[in-house]
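Enquirer: Next comes my_file.pdb, PDB, C-alpha atoms and all ligand atoms:
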MODEL        1
ATOM      1  CA  MET A  56      78.015  55.639  35.809
ATOM      2  CA  LYS A  57      75.107  57.993  36.478
ATOM      3  CA  GLU A  58      72.830  55.050  37.151
ATOM      4  CA  GLN A  59      75.385  53.584  39.552
ATOM      5  CA  GLY A  60      75.988  56.899  41.301
ATOM      6  CA  GLU A  61      79.639  56.963  40.231
ATOM      7  CA  LYS A  62      80.849  60.515  39.575
ATOM      8  CA  ILE A  63      82.500  61.227  36.226
ATOM      9  CA  SER A  64      85.843  63.047  36.117
ATOM     10  CA  MET A  65      86.656  65.156  33.089
ATOM     11  CA  LEU A  66      89.548  67.520  32.340
ATOM     12  CA  THR A  67      90.620  69.554  29.364
ATOM     13  CA  ALA A  68      93.704  68.282  27.518
ATOM     14  CA  TYR A  69      95.461  69.912  24.602
ATOM     15  CA  ASP A  70      98.762  68.040  24.329
ATOM     16  CA  TYR A  71     100.246  64.535  24.507
ATOM     17  CA  THR A  72     102.355  64.964  27.659
ATOM     18  CA  PHE A  73      99.567  66.128  29.952
ATOM     19  CA  ALA A  74      97.080  63.742  28.340
ATOM     20  CA  VAL A  75      99.297  60.728  29.202
ATOM     21  CA  LEU A  76      99.374  61.823  32.851
ATOM     22  CA  MET A  77      95.609  62.355  32.967
ATOM     23  CA  ASP A  78      94.833  59.067  31.232
ATOM     24  CA  HIS A  79      97.164  57.151  33.573
ATOM     25  CA  ALA A  80      95.626  58.924  36.578
ATOM     26  CA  GLY A  81      92.247  57.523  35.565
ATOM     27  CA  VAL A  82      90.476  60.654  34.334
ATOM     28  CA  ASP A  83      87.289  59.369  32.656
ATOM     29  CA  VAL A  84      86.901  61.967  29.908
ATOM     30  CA  LEU A  85      89.494  64.150  28.183
ATOM     31  CA  LEU A  86      88.095  67.215  26.454
ATOM     32  CA  VAL A  87      90.057  69.001  23.765
ATOM     33  CA  GLY A  88      88.220  72.184  24.679
ATOM     34  CA  ASP A  89      88.176  75.335  22.611
ATOM     35  CA  SER A  90      89.509  76.888  25.834
ATOM     36  CA  LEU A  91      92.826  75.997  24.178
ATOM     37  CA  GLY A  92      92.411  79.362  22.444
ATOM     38  CA  MET A  93      92.952  81.108  25.779
ATOM     39  CA  VAL A  94      95.152  78.602  27.633
ATOM     40  CA  PHE A  95      97.374  77.391  24.786
ATOM     41  CA  GLN A  96      97.244  80.301  22.327
ATOM     42  CA  GLY A  97      96.920  83.217  24.756
ATOM     43  CA  ARG A  98      93.835  84.675  23.086
ATOM     44  CA  GLU A  99      91.244  86.823  24.850
ATOM     45  CA  ASP A 100      88.393  84.376  24.288
ATOM     46  CA  THR A 101      87.620  81.115  22.465
ATOM     47  CA  LEU A 102      86.098  82.684  19.331
ATOM     48  CA  PRO A 103      89.118  82.568  16.966
ATOM     49  CA  VAL A 104      89.757  78.821  17.436
ATOM     50  CA  THR A 105      89.387  76.834  14.192
ATOM     51  CA  VAL A 106      88.312  73.290  13.357
ATOM     52  CA  ASP A 107      91.827  72.529  12.075
ATOM     53  CA  GLU A 108      93.352  73.668  15.365
ATOM     54  CA  VAL A 109      91.027  71.460  17.416
ATOM     55  CA  ILE A 110      91.791  68.511  15.114
ATOM     56  CA  TYR A 111      95.547  69.136  15.494
ATOM     57  CA  HIS A 112      95.315  69.042  19.308
ATOM     58  CA  THR A 113      92.881  66.101  19.283
ATOM     59  CA  ARG A 114      95.387  64.031  17.294
ATOM     60  CA  ALA A 115      98.093  64.744  19.878
ATOM     61  CA  VAL A 116      95.816  63.826  22.786
ATOM     62  CA  LYS A 117      94.554  60.729  20.959
ATOM     63  CA  ARG A 118      98.081  59.275  20.938
ATOM     64  CA  ALA A 119      98.065  59.442  24.748
ATOM     65  CA  VAL A 120      94.694  57.889  25.431
ATOM     66  CA  SER A 121      94.382  54.273  26.493
ATOM     67  CA  HIS A 122      91.102  54.307  28.398
ATOM     68  CA  ALA A 123      89.589  57.794  28.611
ATOM     69  CA  LEU A 124      86.744  58.955  26.394
ATOM     70  CA  LEU A 125      88.096  61.593  24.018
ATOM     71  CA  VAL A 126      85.768  64.508  23.270
ATOM     72  CA  ALA A 127      86.632  67.267  20.795
ATOM     73  CA  ASP A 128      85.008  70.688  21.125
ATOM     74  CA  MET A 129      83.250  72.211  18.124
ATOM     75  CA  PRO A 130      84.637  75.754  17.801
ATOM     76  CA  PHE A 131      82.639  78.914  17.118
ATOM     77  CA  LEU A 132      80.976  78.965  13.657
ATOM     78  CA  SER A 133      81.787  75.309  12.983
ATOM     79  CA  TYR A 134      78.173  74.227  13.683
ATOM     80  CA  GLN A 135      76.042  77.389  13.833
ATOM     81  CA  VAL A 136      75.844  78.190  10.095
ATOM     82  CA  SER A 137      74.144  75.094   8.700
ATOM     83  CA  PRO A 138      73.433  71.520   9.826
ATOM     84  CA  GLU A 139      75.343  70.217   6.761
ATOM     85  CA  GLU A 140      78.482  72.130   7.713
ATOM     86  CA  ALA A 141      78.030  71.067  11.326
ATOM     87  CA  VAL A 142      77.860  67.354  10.446
ATOM     88  CA  TRP A 143      80.843  67.716   8.111
ATOM     89  CA  ASN A 144      82.979  69.467  10.743
ATOM     90  CA  ALA A 145      81.939  67.078  13.513
ATOM     91  CA  GLY A 146      82.742  64.153  11.234
ATOM     92  CA  ARG A 147      86.238  65.562  10.668
ATOM     93  CA  MET A 148      86.805  65.593  14.455
ATOM     94  CA  LEU A 149      86.214  61.820  14.459
ATOM     95  CA  LYS A 150      87.849  60.924  11.118
ATOM     96  CA  GLU A 151      90.914  63.186  11.253
ATOM     97  CA  GLY A 152      91.269  63.867  14.975
ATOM     98  CA  GLY A 153      90.367  60.423  16.276
ATOM     99  CA  ALA A 154      87.828  61.819  18.756
ATOM    100  CA  ASP A 155      85.195  59.511  20.219
ATOM    101  CA  ALA A 156      82.617  62.291  20.401
ATOM    102  CA  VAL A 157      82.140  66.024  19.911
ATOM    103  CA  LYS A 158      80.825  68.728  22.227
ATOM    104  CA  LEU A 159      78.896  71.808  21.223
ATOM    105  CA  GLU A 160      77.337  74.727  23.054
ATOM    106  CA  GLY A 161      73.676  75.684  23.010
ATOM    107  CA  GLY A 162      70.242  74.469  24.027
ATOM    108  CA  VAL A 163      67.032  74.524  22.001
ATOM    109  CA  PRO A 164      68.613  76.084  18.855
ATOM    110  CA  ALA A 165      71.513  73.609  18.927
ATOM    111  CA  SER A 166      69.197  70.624  19.345
ATOM    112  CA  ARG A 167      68.367  70.483  15.616
ATOM    113  CA  VAL A 168      72.043  70.242  14.764
ATOM    114  CA  ILE A 169      72.647  67.652  17.500
ATOM    115  CA  GLU A 170      69.885  65.505  16.014
ATOM    116  CA  ARG A 171      71.529  65.615  12.581
ATOM    117  CA  MET A 172      74.908  64.712  14.033
ATOM    118  CA  VAL A 173      73.504  61.793  16.019
ATOM    119  CA  ASP A 174      71.638  60.642  12.860
ATOM    120  CA  ALA A 175      75.010  60.640  11.113
ATOM    121  CA  GLY A 176      76.460  58.394  13.845
ATOM    122  CA  ILE A 177      78.331  61.063  15.759
ATOM    123  CA  PRO A 178      78.079  60.952  19.569
ATOM    124  CA  VAL A 179      77.397  64.435  20.950
ATOM    125  CA  MET A 180      77.936  66.028  24.360
ATOM    126  CA  GLY A 181      75.786  69.127  24.881
ATOM    127  CA  HIS A 182      76.760  72.273  26.789
ATOM    128  CA  VAL A 183      74.228  74.603  28.448
ATOM    129  CA  GLY A 184      74.379  77.492  30.896
ATOM    130  CA  LEU A 185      77.274  79.804  30.173
ATOM    131  CA  GLY A 186      78.470  79.196  26.634
ATOM    132  CA  PRO A 187      81.830  80.953  26.293
ATOM    133  CA  GLN A 188      81.265  81.207  22.517
ATOM    134  CA  SER A 189      78.351  83.591  23.276
ATOM    135  CA  VAL A 190      80.460  85.743  25.555
ATOM    136  CA  LYS A 191      79.916  88.851  23.393
ATOM    137  CA  LEU A 192      76.145  88.387  23.449
ATOM    138  CA  LEU A 193      76.104  87.657  27.182
ATOM    139  CA  GLY A 194      78.351  90.627  27.961
ATOM    140  CA  GLY A 195      81.022  88.538  29.687
ATOM    141  CA  HIS A 196      81.581  85.250  31.485
ATOM    142  CA  LYS A 197      78.516  85.563  33.729
ATOM    143  CA  VAL A 198      76.613  83.101  35.901
ATOM    144  CA  GLN A 199      73.453  81.923  34.091
ATOM    145  CA  GLY A 200      70.047  80.803  35.384
ATOM    146  CA  LYS A 201      69.542  83.370  38.115
ATOM    147  CA  THR A 202      65.939  84.395  37.372
ATOM    148  CA  THR A 203      62.786  82.294  37.061
ATOM    149  CA  LYS A 204      62.671  82.956  33.327
ATOM    150  CA  ALA A 205      66.331  82.059  32.874
ATOM    151  CA  ILE A 206      65.908  78.873  34.936
ATOM    152  CA  GLN A 207      62.933  77.802  32.799
ATOM    153  CA  ARG A 208      64.960  78.488  29.638
ATOM    154  CA  LEU A 209      67.871  76.471  31.001
ATOM    155  CA  LEU A 210      65.673  73.477  31.763
ATOM    156  CA  ARG A 211      64.096  73.693  28.295
ATOM    157  CA  ASP A 212      67.613  73.791  26.831
ATOM    158  CA  ALA A 213      68.784  70.749  28.795
ATOM    159  CA  LEU A 214      65.680  68.719  27.915
ATOM    160  CA  ALA A 215      65.969  69.671  24.226
ATOM    161  CA  VAL A 216      69.612  68.585  24.101
ATOM    162  CA  GLU A 217      68.722  65.276  25.742
ATOM    163  CA  ALA A 218      65.762  64.724  23.403
ATOM    164  CA  ALA A 219      68.017  65.436  20.401
ATOM    165  CA  GLY A 220      70.130  62.427  21.374
ATOM    166  CA  ALA A 221      73.124  63.888  23.236
ATOM    167  CA  PHE A 222      74.767  61.316  25.524
ATOM    168  CA  SER A 223      75.892  63.833  28.139
ATOM    169  CA  LEU A 224      75.597  67.503  29.042
ATOM    170  CA  VAL A 225      78.065  70.073  30.342
ATOM    171  CA  VAL A 226      76.380  72.583  32.668
ATOM    172  CA  GLU A 227      78.509  75.704  33.074
ATOM    173  CA  ALA A 228      78.295  78.577  35.568
ATOM    174  CA  VAL A 229      74.855  77.845  36.965
ATOM    175  CA  PRO A 230      73.734  78.146  40.626
ATOM    176  CA  TRP A 231      73.973  74.745  42.265
ATOM    177  CA  PRO A 232      70.224  74.334  43.054
ATOM    178  CA  VAL A 233      69.472  74.874  39.350
ATOM    179  CA  ALA A 234      72.204  72.451  38.235
ATOM    180  CA  LYS A 235      70.869  69.894  40.756
ATOM    181  CA  MET A 236      67.345  70.244  39.379
ATOM    182  CA  ILE A 237      68.610  69.787  35.803
ATOM    183  CA  SER A 238      70.698  66.751  36.804
ATOM    184  CA  GLU A 239      67.611  65.163  38.359
ATOM    185  CA  ARG A 240      65.376  65.935  35.383
ATOM    186  CA  VAL A 241      67.595  64.580  32.595
ATOM    187  CA  SER A 242      68.559  60.933  32.309
ATOM    188  CA  ILE A 243      71.912  61.666  30.634
ATOM    189  CA  PRO A 244      74.883  62.508  32.866
ATOM    190  CA  THR A 245      75.507  66.181  33.586
ATOM    191  CA  ILE A 246      79.101  67.381  33.877
ATOM    192  CA  GLY A 247      79.339  70.561  35.922
ATOM    193  CA  ILE A 248      81.811  73.405  35.794
ATOM    194  CA  GLY A 249      80.981  76.114  38.285
ATOM    195  CA  ALA A 250      77.678  74.313  38.797
ATOM    196  CA  GLY A 251      78.065  72.787  42.255
ATOM    197  CA  PRO A 252      78.429  69.276  43.642
ATOM    198  CA  TYR A 253      75.156  67.705  42.496
ATOM    199  CA  CYS A 254      76.069  67.203  38.845
ATOM    200  CA  ASP A 255      76.911  63.650  37.760
ATOM    201  CA  GLY A 256      80.485  64.648  36.988
ATOM    202  CA  GLN A 257      82.865  67.588  37.041
ATOM    203  CA  VAL A 258      85.132  69.220  34.488
ATOM    204  CA  LEU A 259      87.877  71.783  34.970
ATOM    205  CA  VAL A 260      90.397  73.421  32.690
ATOM    206  CA  HIS A 261      93.608  71.624  33.645
ATOM    207  CA  ALA A 262      95.715  74.802  33.641
ATOM    208  CA  ASP A 263      93.376  76.250  36.298
ATOM    209  CA  MET A 264      93.353  73.242  38.611
ATOM    210  CA  LEU A 265      97.125  72.806  38.308
ATOM    211  CA  GLY A 266      97.763  76.436  39.200
ATOM    212  CA  LEU A 267      99.457  77.013  35.838
ATOM    213  CA  PHE A 268      97.154  79.828  34.842
ATOM    214  CA  THR A 269      97.362  82.381  37.623
ATOM    215  CA  ALA A 270      96.293  85.693  36.039
ATOM    216  CA  PHE A 271      92.674  85.050  37.023
ATOM    217  CA  GLN A 272      91.042  82.411  39.201
ATOM    218  CA  PRO A 273      87.310  81.802  38.833
ATOM    219  CA  HIS A 274      85.436  81.346  42.130
ATOM    220  CA  PHE A 275      84.667  77.683  41.390
ATOM    221  CA  VAL A 276      88.222  76.551  40.635
ATOM    222  CA  ARG A 277      90.081  74.527  43.224
ATOM    223  CA  ARG A 278      93.857  74.464  42.827
ATOM    224  CA  PHE A 279      94.999  70.875  43.240
ATOM    225  CA  ALA A 280      98.639  71.855  42.606
ATOM    226  CA  TYR A 281     100.783  74.954  42.264
ATOM    227  CA  LEU A 282     102.711  74.053  39.131
ATOM    228  CA  GLY A 283     102.875  77.664  37.951
ATOM    229  CA  GLU A 284     105.010  78.732  40.898
ATOM    230  CA  GLU A 285     107.045  75.519  40.794
ATOM    231  CA  SER A 286     107.673  75.871  37.030
ATOM    232  CA  LYS A 287     108.710  79.512  37.397
ATOM    233  CA  ARG A 288     111.147  78.547  40.159
ATOM    234  CA  ALA A 289     112.598  75.786  37.947
ATOM    235  CA  PHE A 290     112.988  78.161  34.955
ATOM    236  CA  THR A 291     114.730  80.748  37.161
ATOM    237  CA  ASP A 292     117.097  78.109  38.593
ATOM    238  CA  TYR A 293     117.813  76.823  35.058
ATOM    239  CA  CYS A 294     118.732  80.325  33.778
ATOM    240  CA  LYS A 295     120.988  80.862  36.773
ATOM    241  CA  ALA A 296     122.719  77.478  36.310
ATOM    242  CA  VAL A 297     123.331  78.108  32.587
ATOM    243  CA  LYS A 298     124.706  81.580  33.238
ATOM    244  CA  ASP A 299     126.990  80.581  36.125
ATOM    245  CA  GLY A 300     128.190  77.488  34.242
ATOM    246  CA  SER A 301     126.989  74.973  36.825
ATOM    247  CA  PHE A 302     124.785  73.322  34.165
ATOM    248  CA  PRO A 303     125.656  71.041  32.500
ATOM    249  CA  THR A 304     128.292  69.108  34.472
ATOM    250  CA  LEU A 305     130.468  66.512  32.698
ATOM    251  CA  ASP A 306     128.173  63.851  34.205
ATOM    252  CA  GLU A 307     125.320  65.487  32.323
ATOM    253  CA  SER A 308     127.351  65.366  29.059
ATOM    254  CA  TYR A 309     128.286  62.626  26.564
ATOM    255  CA  SER A 310     131.869  61.330  26.727
ATOM    256  CA  LEU A 311     134.053  59.131  24.527
ATOM    257  CA  ASP A 312     135.340  55.665  25.480
ATOM    258  CA  GLU A 313     139.063  55.363  26.142
ATOM    259  CA  SER A 314     140.289  54.315  22.682
ATOM    260  CA  ALA A 315     138.088  56.913  20.982
ATOM    261  CA  LEU A 316     139.389  59.496  23.427
ATOM    262  CA  ARG A 317     143.038  58.636  22.547
ATOM    263  CA  GLU A 318     142.185  58.893  18.837
ATOM    264  CA  PHE A 319     140.449  62.184  19.487
ATOM    265  CA  GLU A 320     143.502  63.556  21.312
ATOM    266  CA  GLU A 321     145.661  62.618  18.304
ATOM    267  CA  ILE A 322     143.222  64.365  15.945
ATOM    268  CA  GLU A 323     143.191  67.365  18.242
ATOM    269  CA  SER A 324     146.979  67.695  18.232
ATOM    270  CA  PHE A 325     146.925  67.196  14.441
ATOM    271  CA  ILE A 326     144.446  70.080  14.159
ATOM    272  CA  GLU A 327     146.557  72.190  16.498
ATOM    273  CA  GLU A 328     149.555  71.648  14.222
ATOM    274  CA  ASP A 329     147.546  73.319  11.469
ATOM    275  CA  HIS A 330     147.553  70.260   9.199
ATOM    276  CA  CYS A 331     143.856  70.613   8.762
ATOM    277  CA  LEU A 332     143.671  74.126   7.388
TER     278      LEU A 332
HETATM  279  O1  LIG A 401      86.495  74.565  26.198
HETATM  280  C1  LIG A 401      86.412  74.096  27.332
HETATM  281  O2  LIG A 401      87.413  73.918  28.039
HETATM  282  C2  LIG A 401      85.090  73.756  27.847
HETATM  283  C3  LIG A 401      84.981  73.285  29.258
HETATM  284  C4  LIG A 401      85.345  74.335  30.204
HETATM  285  C5  LIG A 401      83.678  72.681  29.551
HETATM  286  O3  LIG A 401      84.144  73.837  27.134
ENDMDL
END
The structure given in the file should be rewritten as structure tokens.
Expert:
Amino acid sequence: MKEQGEKISMLTAYDYTFAVLMDHAGVDVLLVGDSLGMVFQGREDTLPVTVDEVIYHTRAVKRAVSHALLVADMPFLSYQVSPEEAVWNAGRMLKEGGADAVKLEGGVPASRVIERMVDAGIPVMGHVGLGPQSVKLLGGHKVQGKTTKAIQRLLRDALAVEAAGAFSLVVEAVPWPVAKMISERVSIPTIGIGAGPYCDGQVLVHADMLGLFTAFQPHFVRRFAYLGEESKRAFTDYCKAVKDGSFPTLDESYSLDESALREFEEIESFIEEDHCL
């Protein structure tokens, strides 16, 4: 797709229902991102997410996928401790979760692990720029690659990930001229998030682009729908309808056919006559 100039669309997916909609809509790549820790579990950051949790969500999304590439995110400490553990955990994403590939954060230091994974037959998507798993080290979710030194480091990171055998590269929270330069210098497709229009593809967290997550909106997010407001309205209307008795109507209930109804009325009068007690 990069060679043909066709942009790649990618979204996060954590459950079957949304994944069906995304797959049918033609989204190219579904990412079971460790962002599920914040979006699905309500945690402060992605750090507590476990391999088992990612596998659980990957299985659910897998059942929905008919054409999209399914990528499972490697959570914090699942690949940083040793290459052996990293290969084992990545392998579990494919064997137990049904993922087509894994994604992991990091540049030069991660490249050794990427090489081992690729050697083991595991397709890997890299992730450079802002790595949310390093949020404590970085002092927050901050834009990366703003100084000459940082830009040089970023390019080294991207080239190392490519050389290690990654098939694609997420570039997160990087000024667009820097992301453009990286996209031109690597032959693998770059997938941007907060990295401008010149990446080979784009990824967003689906809860952000659907307007489901409204507490905070990063500068780069475009809301393609306002499902948060619409859902809240529906929940309010539902509560009201239950409380005032307008839901459910008889049409929204199961009935009995005529003979069963007559039998039921006989049983009911039998019960009323206390024969049952
Ligand atoms: O976990 C995630 O959702 C991600 C994307 C934002 C790239 O890593």
Enquirer: Throw together the list of residues within 6 Å of ligand LIG 401 (chain A), counting all atoms listed in the file, and drop it here as a compact mmCIF listing (two decimals) with C-alpha atoms, in the frame of the given file.
Expert:
# COMPACT_ATOMS: atom_id res chain seq x y z
CA THR A 67 90.62 69.55 29.36
CA GLY A 88 88.22 72.18 24.68
CA ASP A 89 88.18 75.33 22.61
CA SER A 90 89.51 76.89 25.83
CA LEU A 259 87.88 71.78 34.97
CA VAL A 260 90.40 73.42 32.69
Enquirer: Please return as a ChimeraX atom specification every residue within 12 Å of (102.6, 60.9, 30.9), taking into account all atoms listed in the file and the file's own coordinates.
Expert: /A:70-81,116,118-121
Enquirer: If the PyMOL selection byres (((chain A and resi 232) around 12) and not hetatm) were run on this exact file, what residues would it hold? Put them as a list in words.
Expert: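 Selected by the PyMOL selection byres (((chain A and resi 232) around 12) and not hetatm) here: Gly200, Lys201, Ile206, Ala228, Val229, Pro230, Trp231, Val233, Ala234, Lys235, Met236, Ile237, Ser238, Glu239, Gly249, Ala250, Gly251, Pro252, Tyr253 and Cys254 of chain A.
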Enquirer: Give me the result of the PyMOL selection byres (((chain A and resi 279) around 6) and not hetatm) on this file, residue by residue, as an mmCIF file with C-alpha atoms, in the coordinates of the input.
Expert:
data_model
loop_
_atom_site.group_PDB
_atom_site.id
_atom_site.type_symbol
_atom_site.label_atom_id
_atom_site.label_comp_id
_atom_site.auth_asym_id
_atom_site.auth_seq_id
_atom_site.Cartn_x
_atom_site.Cartn_y
_atom_site.Cartn_z
ATOM 1 C CA MET A 264 93.353 73.242 38.611
ATOM 2 C CA LEU A 265 97.125 72.806 38.308
ATOM 3 C CA ARG A 278 93.857 74.464 42.827
ATOM 4 C CA ALA A 280 98.639 71.855 42.606
#
Enquirer: Counting all atoms listed in the file, what is within 12 Å of Asp100 of chain A, bar same-chain residues fewer than 4 positions away, as a VMD selection string?
Expert: chain A and resid 89 to 96 104 130 to 131 186 to 191 195 to 196
Enquirer: For this structure, which residues satisfy the selection - the PyMOL selection byres (((chain A and resi 165) around 10) and not hetatm) - when it is evaluated on the file as given? I want them as a ChimeraX atom specification.
Expert: /A:134-135,138,159-164,166-170,181-183,212,215-216,219
Enquirer: Which residues, written as a ChimeraX atom specification, have at least one atom at most 10 Å from Met180 of chain A, with all atoms listed in the file counted and residues fewer than 6 positions away on the same chain left out?
Expert: /A:126-128,156-160,169,216-217,220-225,243-246
Enquirer: Contacts of Gly152 of chain A at 6 Å or less, counting all atoms listed in the file, minus same-chain residues fewer than 6 places along, as a VMD selection string?
Expert: chain A and resid 110 113 to 114
Enquirer: For segment 153-166 of chain A, what centre and edge lengths in Å (one decimal) does the axis-aligned box get once 5 Å is added on each side of all its listed atoms, as AutoDock Vina command-line options?
Expert:
--center_x 78.7 --center_y 67.8 --center_z 20.2 --size_x 33.3 --size_y 26.6 --size_z 17.8
Enquirer: What gap, in Å, lies between atom CA of Ser64 of chain A and atom CA of Leu124 of chain A?
Expert: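 It comes out at 10.6 Å.
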Enquirer: Using atom CA of Val198 of chain A and atom CA of Phe271 of chain A as the two end points, give the distance in Å to one decimal.
Expert: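 Spanning atom CA of Val198 of chain A to atom CA of Phe271 of chain A is a straight-line distance of 16.2 Å.
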Enquirer: Between A:Arg240, A:Arg211, A:Arg147, A:Arg288, which has the minimum distance to Val109 of chain A (counting only C-alpha atoms)?
Expert: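 Under the stated criterion, the closest residue is A:Arg147.
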Enquirer: For a test of reading the model, state the distance in Å between atom CA of Met148 of chain A and atom CA of Gly176 of chain A, rounded to one decimal.
Expert: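 A separation of 12.6 Å between them.
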Enquirer: Neighbours of Ser310 of chain A within 12 Å (only C-alpha atoms; same-chain residues fewer than 6 positions away dropped), as a JSON list (two decimals) with C-alpha atoms, keeping the file's coordinate frame?
Expert:
[["chain", "number", "residue", "atom", "x", "y", "z"],
["A", 304, "THR", "CA", 128.29, 69.11, 34.47],
["A", 316, "LEU", "CA", 139.39, 59.50, 23.43],
["A", 319, "PHE", "CA", 140.45, 62.18, 19.49]]
Enquirer: Pick out the closest residue to Tyr69 of chain A from this set: A:Val82, A:Ala154, A:His261, A:Leu102. Count only C-alpha atoms.
Expert: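 Result for the nearest residue to Tyr69 of chain A: A:His261.
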